[in-house]
4 protein chains.
Amino acid sequence: MKNSSYTDSPTRPFEISKDASIAAVLEKMKGISFQGRSLARALDIWCHALQDDCTVLFGLAGAMVPAGMRKIIVYLVENRLIDCIVTTGANIFHDCHETLGFHHFIGATDVGDEALHELKIDRIYDTFAKDEEFDETDKYVAEFAAELDERPYTTREFLYLLGERMSDLPEQGILKAASKAGVPIYCPAIADSSIGIALAACMKPEDKKVTFDLVTELSEMARIALKSASTAVILVGGGTPKNYLQQLQVTAGIMEPDIELEGHRYAVQFTTDSPQWGGLSGCTFKEGKSWGKISHKAQSVHCFCDATIALPIVVSALADRADELQRKSVPRFDLGSEFGIHRMG
Amino acid sequence: MKNSSYTDSPTRPFEISKDASIAAVLEKMKGISFQGRSLARALDIWCHALQDDCTVLFGLAGAMVPAGMRKIIVYLVENRLIDCIVTTGANIFHDCHETLGFHHFIGATDVGDEALHELKIDRIYDTFAKDEEFDETDKYVAEFAAELDERPYTTREFLYLLGERMSDLPEQGILKAASKAGVPIYCPAIADSSIGIALAACMKPEDKKVTFDLVTELSEMARIALKSASTAVILVGGGTPKNYLQQLQVTAGIMEPDIELEGHRYAVQFTTDSPQWGGLSGCTFKEGKSWGKISHKAQSVHCFCDATIALPIVVSALADRADELQRKSVPRFDLGSEFGIHRMG
Amino acid sequence: MKNSSYTDSPTRPFEISKDASIAAVLEKMKGISFQGRSLARALDIWCHALQDDCTVLFGLAGAMVPAGMRKIIVYLVENRLIDCIVTTGANIFHDCHETLGFHHFIGATDVGDEALHELKIDRIYDTFAKDEEFDETDKYVAEFAAELDERPYTTREFLYLLGERMSDLPEQGILKAASKAGVPIYCPAIADSSIGIALAACMKPEDKKVTFDLVTELSEMARIALKSASTAVILVGGGTPKNYLQQLQVTAGIMEPDIELEGHRYAVQFTTDSPQWGGLSGCTFKEGKSWGKISHKAQSVHCFCDATIALPIVVSALADRADELQRKSVPRFDLGSEFGIHRMG
Amino acid sequence: MKNSSYTDSPTRPFEISKDASIAAVLEKMKGISFQGRSLARALDIWCHALQDDCTVLFGLAGAMVPAGMRKIIVYLVENRLIDCIVTTGANIFHDCHETLGFHHFIGATDVGDEALHELKIDRIYDTFAKDEEFDETDKYVAEFAAELDERPYTTREFLYLLGERMSDLPEQGILKAASKAGVPIYCPAIADSSIGIALAACMKPEDKKVTFDLVTELSEMARIALKSASTAVILVGGGTPKNYLQQLQVTAGIMEPDIELEGHRYAVQFTTDSPQWGGLSGCTFKEGKSWGKISHKAQSVHCFCDATIALPIVVSALADRADELQRKSVPRFDLGSEFGIHRMG
């Protein structure tokens, strides 16, 4: 911000109007302050990334599928508003669960958890699930894994095959949509979830053991950065997805020391964490610049807002603005055991 | 929540659709989880209060006017979606400032504050103001106060008269709209703001001194509770407005021990604070029930969200639903030096 | 921080040793990071202020007396580790309550608040109080107020007299200790508390009405800044105490435009709020510099920690370091209806 | 809490005394409220777990080694105040870094991150590190990994061997101490860290590729729960360590459906997250009861406090109380490629 421009732009107090579209509401929020302005800016940066020749990397942490965000992610995948996903194992498992036709349930927080345990109901804040239905999904995952070859898989490959396997199911899901659209999904902490539980506890003694090739997949991700004209990160929460999507820049830099990497050129985080605790989940993109994870000239914003508010609003606005968001090109990935990347207009 | 109904209602994952109205988006958010669901519930409870024979009390803390919320509050007042306001002195002062034609400015957080000080620019997070324009507003308030009689005023009366005085200005503001609509505004910590600074530092030596009758106005507020069939609190932030709007129930109970008071029947808070710190700003309505501040059968929700996101969204949705929100009756107040309340259909 | 010194000081990982004093533990915490380092720095800055020729202003928000902090504040007053207090009405009321011999009780959060209401037990997070004992304290305050003259009082004067009145009670309290030690207490939002309830609801019809001279007391506070060689603020929480203690610098600047005021030279806040919400409670001292509230050369720290952890630890360490903290001078105040300030070695 | 006991225990306002030990200060904090009481309770529960015939599982998330916590964890391991660790890759890498003789540095937050990048200094909130020294640690890890056999390793085995390899270095570290003391360390998201970067980017083309057997190690952890008379979790932050340490109870339950597992009997979390966001990092132990992760009769507390404050204080107090904490027995683990558990008095 230049000195001369400190008081050039008055705030534009938000004016209520009937029947405004979501996109119009967010447009008006650019003229206000605090996190309202950040939310509007998050949408803008996402749009700028889509209009640039950019690979859009999406991080998804938190219990977002039980929270009702599955179809929003599906929308992002099917409309190629994102190109690659890094997520936690829980979101993968809960996506399978809903794609298999099971449900999460509208619950409450002020309930007796011991009584829930007796009834075999698991609570996720204000949302419930049936433990016995989780067992069914566990079994489905274990049966799928039992048919794999005896070799290490990247989680990207494992999840692509799992998505493919569900392709005939009537319900749409994130894995299914991603397999079909060619959007790779990485899950660096896959064993730290019910996917891990299924593999550790639900397979038959005679089944082959699944192992993961976590190292190869980090190289893969680094190659995505190396082969992209520019990259964007859209982060829902922090956790392993945020760290992983930032460290791939560092990894790429070590792999190819002769290439001048600039870091992510667009960076958005929807977060409820704060920087003062020193953790990576809450750290600023400004801090990321010292590491080379974020470009010095990046457009970036942290929007301090629960993603269950931010995602429905911002993605609805993206849908409103769909016509103007004709991407010039999208990256295409080969998702078999051999991974490849090329870009198509 | 009854045992039998724990798993009756599956979550309804949010479906993106183009050109959805805000009201439609919030309707869909009732089927999701976490704070997204809370936001939708906040709208619902506010609507229920309006459809009941209820007095709607509005608490406003935080730098909401610099943040661009002035016209939203004006809308709430003019359309009688709220009946009474308790706020901080800062919001009063900044409302005068904008009504006088001055502006707040779109700023940034990552700036040199020492340089701003040299330039006489005051920063409020990502928003700027010109110190010399604040001086003008100080003077306006001091000149207004110099013409008052030499007697203690309630802040309600003081602010009513200040709003009246601005009635000919071209810009609309909260005080102006409230004076015209007969919506009382209370400001229990009025001296803790630039209003206080104006009265303490900008009046001439020969001016009479302004004193405030804080005790009478608490009785007045308690009488609002006593004379209302039911009450609702819509709280933006915590601070003195939240405490004040809750303690009036306790005050009323002591004033009229023979009347069975139930506490507020509807309660909504948009908050970024949390209960675990033990403070009143972050405390739960559940805790308020132990004090009798909140009805045992209250509909209530805390929506953990920055108000600069929640207010534009929720009030836009209220506007969308305006036609169905025909209030049966609204309370009418006499706002002169004698305070009176009656209800009109 | 100079470029050349970026990597001059390695962190000193904390070494556990048996029977370390609190002061020694905090000394070791200066070598670590994040809020542990901030806590150690808060102690250091407080000590520096005491060793300078400085007036130490103390802000106290939150339900700190019910939380068991009363005797810590008494210690600070009696040992003149603070010179002036700004607090909320609730802390005043709860201090009277405990000084009168009543108690707060160790409770829990996971209880039925409706059952508590039936039993007339009020809950403050994990702490309980008996409603009927609160009624006794209400009466005590009302009876005290009934004997005042019919003229506006500053809250400083009102609280000085209330402290004096309790001087014969066996239990020590903040008001009592402050009256005796000549430490002024200001309460700009006094009516927003049970003190307000007592004055509004518990006085007899024939009693004179108490009014407050909030404007004069802001001038008084500004004069404290004007007459001090330098000032420090030690803030427990935010709320009205934080805003009030910062705005007195602005007020003083307008009252005496020819005096070059530098803002507070030492500034510590123990807080659980964050800057990103834009409110004053969570705003940074850096932001305060743009307003002239905080000196450009201030030593300052925000320690993000619940005060019920920070105060016992930091004040215990202050006690350990008492011998080295011989203040050169302390300000003396005349606390009668005429307010005066002078400094004594 | 029984009705009859609601007001049995008055709070005991904290009394300052000179030269109190840390243990004495925490003992006094049991009589206060809010997070001060939680901190005291965290110490108590940890002590109760140690005095019971219990396996103490320790979760470590956040940049705790750069923050100066390494030697505290070493102390816990060497004195067997914990029996097993689950942590993030970053803490492992930074522990290696400091054990190799490199340092983290006392930095600041208000610096130019672009300038830091030019100087090859990486920032972690208020702490710095030299990028070129990180490269050295990367190489050390890569060289270690190059010597492993060509088979999948559990992270527990990998980290045991890495700790052993550093045994001759002069500086003590967490991995070294754990290898020597027989305390297993698990790292379910190992590739999501500089350990992953080292393995992906710093190994020579001719080196064998490291793969991880994440599934076997989850079974191992579940067996720890199955073979323990009771278990405790002490959680520093949330993230993968918290989820992993809770899901092992679910895993064990599925592996051995005929054994009645009760969940963790003692549970402590030091956290800066909150439940209202719905994520696992901030979820309550009460919620964990619905899943069977936490015993219905568990002693548990969430202490909302930055770990860089809580750990130095609480572990210093544990050291003060060392004499009374003679554990009856500790679990012994075989940490080679074959994992075994037995308990020794």
# chains A, B, ... in the order shown; residues from 1 in each chain; ligands from 1
>>> residues_around(residues="segment 304-311 of chain D", least_positions_apart="4", cutoff="6 Å", atoms="only C-alpha atoms", output="list of chain:residue names")
C:Gly36, D:Phe270, D:Thr271, D:Thr272, D:Val315
>>> write_last_selection(atoms="N, CA, C and O atoms", output="compact mmCIF listing (two decimals), in the first residue's frame")
# COMPACT_ATOMS: atom_id res chain seq x y z
N GLY C 36 5.01 -18.90 25.41
CA GLY C 36 5.89 -19.08 26.57
C GLY C 36 6.87 -17.92 26.67
O GLY C 36 7.08 -17.35 27.75
N PHE D 270 -3.65 -30.19 26.08
CA PHE D 270 -3.29 -28.78 26.08
C PHE D 270 -3.60 -28.27 24.68
O PHE D 270 -3.00 -28.75 23.71
N THR D 271 -4.50 -27.34 24.57
CA THR D 271 -4.99 -26.99 23.24
C THR D 271 -5.29 -25.52 23.12
O THR D 271 -5.63 -24.85 24.09
N THR D 272 -5.16 -25.01 21.90
CA THR D 272 -5.57 -23.64 21.60
C THR D 272 -6.72 -23.66 20.59
O THR D 272 -7.10 -22.62 20.08
N VAL D 315 5.50 -29.67 33.59
CA VAL D 315 6.56 -30.67 33.74
C VAL D 315 7.54 -30.26 34.84
O VAL D 315 8.08 -31.12 35.55
>>> closest_atom_pairs(of="chain C", to="chain A", cutoff="10 Å", atoms="only C-alpha atoms", output="JSON lines")
{"residue": "C:Ser33", "atom": "CA", "partner": "A:Gly278", "partner_atom": "CA", "distance": 8.3}
{"residue": "C:Phe34", "atom": "CA", "partner": "A:Gly278", "partner_atom": "CA", "distance": 5.9}
{"residue": "C:Gln35", "atom": "CA", "partner": "A:Trp277", "partner_atom": "CA", "distance": 7.0}
{"residue": "C:Gly36", "atom": "CA", "partner": "A:Trp277", "partner_atom": "CA", "distance": 9.9}
{"residue": "C:Asp110", "atom": "CA", "partner": "A:Asp110", "partner_atom": "CA", "distance": 9.3}
{"residue": "C:Ser274", "atom": "CA", "partner": "A:Ser274", "partner_atom": "CA", "distance": 7.6}
{"residue": "C:Pro275", "atom": "CA", "partner": "A:Ser274", "partner_atom": "CA", "distance": 9.3}
{"residue": "C:Gln276", "atom": "CA", "partner": "A:Phe34", "partner_atom": "CA", "distance": 6.9}
{"residue": "C:Trp277", "atom": "CA", "partner": "A:Phe34", "partner_atom": "CA", "distance": 6.2}
{"residue": "C:Gly278", "atom": "CA", "partner": "A:Phe34", "partner_atom": "CA", "distance": 5.9}
{"residue": "C:Gly279", "atom": "CA", "partner": "A:Phe34", "partner_atom": "CA", "distance": 9.4}
{"residue": "C:His302", "atom": "CA", "partner": "A:Gln276", "partner_atom": "CA", "distance": 9.7}
{"residue": "C:Cys303", "atom": "CA", "partner": "A:Gln276", "partner_atom": "CA", "distance": 9.2}
{"residue": "C:Phe304", "atom": "CA", "partner": "A:Gln276", "partner_atom": "CA", "distance": 7.4}
>>> write_last_selection(atoms="C-alpha atoms", output="CSV table (one decimal), in the first residue's frame")
chain,number,residue,atom,x,y,z
C,33,SER,CA,9.3,-19.4,21.6
C,34,PHE,CA,5.6,-18.6,21.1
C,35,GLN,CA,3.5,-17.6,24.1
C,36,GLY,CA,5.9,-19.1,26.6
C,110,ASP,CA,-21.3,-29.9,32.4
C,274,SER,CA,-7.3,-12.1,18.4
C,275,PRO,CA,-6.7,-9.1,16.2
C,276,GLN,CA,-8.4,-10.5,13.1
C,277,TRP,CA,-11.9,-9.6,14.4
C,278,GLY,CA,-11.2,-5.9,14.2
C,279,GLY,CA,-12.4,-5.1,17.8
C,302,HIS,CA,0.5,-9.4,24.0
C,303,CYS,CA,0.6,-12.6,25.8
C,304,PHE,CA,-2.2,-14.8,24.5
>>> residues_around(residues="Arg12 of chain B", least_positions_apart="6", cutoff="8 Å", atoms="only C-alpha atoms", output="count of residues only")
4
>>> residues_around(residues="Phe134 of chain A", least_positions_apart="2", cutoff="9 Å", atoms="only C-alpha atoms", output="CSV table (one decimal) with all heavy atoms, in the first residue's frame")
chain,number,residue,atom,x,y,z
A,94,HIS,N,-15.5,-40.7,4.9
A,94,HIS,CA,-16.9,-40.3,5.0
A,94,HIS,C,-17.5,-40.0,3.6
A,94,HIS,O,-18.7,-40.2,3.4
A,94,HIS,CB,-16.9,-39.0,5.8
A,94,HIS,CG,-16.6,-39.2,7.3
A,94,HIS,ND1,-15.7,-38.4,8.0
A,94,HIS,CD2,-16.9,-40.1,8.2
A,94,HIS,CE1,-15.5,-38.8,9.2
A,94,HIS,NE2,-16.3,-39.9,9.4
A,97,HIS,N,-18.5,-43.4,2.6
A,97,HIS,CA,-19.7,-43.7,3.4
A,97,HIS,C,-21.0,-43.2,2.7
A,97,HIS,O,-21.9,-43.9,2.5
A,97,HIS,CB,-19.5,-43.1,4.8
A,97,HIS,CG,-20.4,-43.6,5.8
A,97,HIS,ND1,-20.5,-45.0,6.2
A,97,HIS,CD2,-21.4,-43.0,6.5
A,97,HIS,CE1,-21.4,-45.1,7.1
A,97,HIS,NE2,-22.0,-43.9,7.3
A,102,PHE,N,-24.9,-44.4,2.7
A,102,PHE,CA,-25.2,-44.2,4.1
A,102,PHE,C,-25.3,-42.7,4.4
A,102,PHE,O,-24.9,-41.8,3.5
A,102,PHE,CB,-24.1,-44.8,5.0
A,102,PHE,CG,-24.0,-46.3,4.8
A,102,PHE,CD1,-22.9,-46.9,4.3
A,102,PHE,CD2,-25.1,-47.1,5.2
A,102,PHE,CE1,-22.8,-48.3,4.1
A,102,PHE,CE2,-25.0,-48.5,5.1
A,102,PHE,CZ,-23.9,-49.1,4.5
A,129,ALA,N,-23.5,-40.2,13.5
A,129,ALA,CA,-23.4,-41.3,12.5
A,129,ALA,C,-23.7,-42.6,13.2
A,129,ALA,O,-23.5,-42.8,14.5
A,129,ALA,CB,-22.0,-41.3,11.9
A,130,LYS,N,-24.1,-43.6,12.5
A,130,LYS,CA,-24.4,-45.0,13.0
A,130,LYS,C,-23.1,-45.8,12.9
A,130,LYS,O,-22.6,-46.1,11.8
A,130,LYS,CB,-25.5,-45.6,12.3
A,130,LYS,CG,-26.8,-44.9,12.4
A,130,LYS,CD,-27.9,-45.7,11.7
A,130,LYS,CE,-29.3,-45.0,11.8
A,130,LYS,NZ,-30.3,-45.7,11.1
A,131,ASP,N,-22.6,-46.3,14.1
A,131,ASP,CA,-21.4,-47.0,14.2
A,131,ASP,C,-21.5,-48.3,13.3
A,131,ASP,O,-20.5,-48.7,12.6
A,131,ASP,CB,-21.2,-47.4,15.6
A,131,ASP,CG,-19.7,-47.6,15.9
A,131,ASP,OD1,-18.9,-46.7,15.6
A,131,ASP,OD2,-19.3,-48.7,16.4
A,132,GLU,N,-22.7,-48.9,13.2
A,132,GLU,CA,-22.8,-50.1,12.5
A,132,GLU,C,-22.7,-49.9,11.0
A,132,GLU,O,-22.3,-50.7,10.2
A,132,GLU,CB,-24.0,-50.9,12.8
A,132,GLU,CG,-23.9,-51.6,14.2
A,132,GLU,CD,-25.2,-52.1,14.8
A,132,GLU,OE1,-26.2,-51.9,14.2
A,132,GLU,OE2,-25.1,-52.6,15.9
A,136,GLU,N,-19.9,-51.2,7.9
A,136,GLU,CA,-20.1,-51.6,6.5
A,136,GLU,C,-19.1,-50.9,5.6
A,136,GLU,O,-18.6,-51.5,4.6
A,136,GLU,CB,-21.6,-51.2,6.1
A,136,GLU,CG,-22.6,-52.0,6.8
A,136,GLU,CD,-22.5,-53.5,6.6
A,136,GLU,OE1,-22.4,-53.9,5.5
A,136,GLU,OE2,-22.4,-54.2,7.7
A,137,THR,N,-18.9,-49.6,5.8
A,137,THR,CA,-17.9,-48.9,4.9
A,137,THR,C,-16.5,-49.4,5.2
A,137,THR,O,-15.8,-49.6,4.2
A,137,THR,CB,-18.1,-47.4,5.2
A,137,THR,OG1,-19.4,-47.0,5.0
A,137,THR,CG2,-17.1,-46.6,4.3
A,138,ASP,N,-16.2,-49.7,6.4
A,138,ASP,CA,-14.9,-50.3,6.7
A,138,ASP,C,-14.7,-51.6,5.9
A,138,ASP,O,-13.7,-51.8,5.2
A,138,ASP,CB,-14.8,-50.8,8.2
A,138,ASP,CG,-14.5,-49.6,9.2
A,138,ASP,OD1,-13.9,-48.6,8.7
A,138,ASP,OD2,-14.9,-49.7,10.3
A,139,LYS,N,-15.8,-52.4,5.8
A,139,LYS,CA,-15.7,-53.7,5.1
A,139,LYS,C,-15.5,-53.4,3.6
A,139,LYS,O,-14.7,-54.1,2.9
A,139,LYS,CB,-16.9,-54.5,5.3
A,139,LYS,CG,-16.8,-55.5,6.5
A,139,LYS,CD,-18.1,-56.3,6.7
A,139,LYS,CE,-18.5,-56.3,8.2
A,139,LYS,NZ,-19.9,-56.6,8.4
A,194,SER,N,-10.3,-43.7,9.5
A,194,SER,CA,-11.0,-45.0,9.4
A,194,SER,C,-10.6,-45.8,8.2
A,194,SER,O,-10.8,-47.0,8.1
A,194,SER,CB,-12.5,-44.8,9.3
A,194,SER,OG,-13.0,-44.4,10.6
>>> select_by_dssp(residues="segment 160-252 of chain C", states="helix (DSSP H, G or I)", output="ChimeraX atom specification")
/C:160-165,174-181,194-201,214-227,239-252
>>> residues_around(residues="segment 320-329 of chain C", least_positions_apart="5", cutoff="7 Å", atoms="only C-alpha atoms", output="MDAnalysis selection string")
(chainID C and resid 23 47 50:51 53 343:345) or (chainID D and resid 18:19)
>>> residues_around(residues="Ala198 of chain A", least_positions_apart="5", cutoff="9 Å", atoms="only C-alpha atoms", output="NGL selection string")
(:A and (135 or 137-142 or 193 or 203)) or (:D and (251))
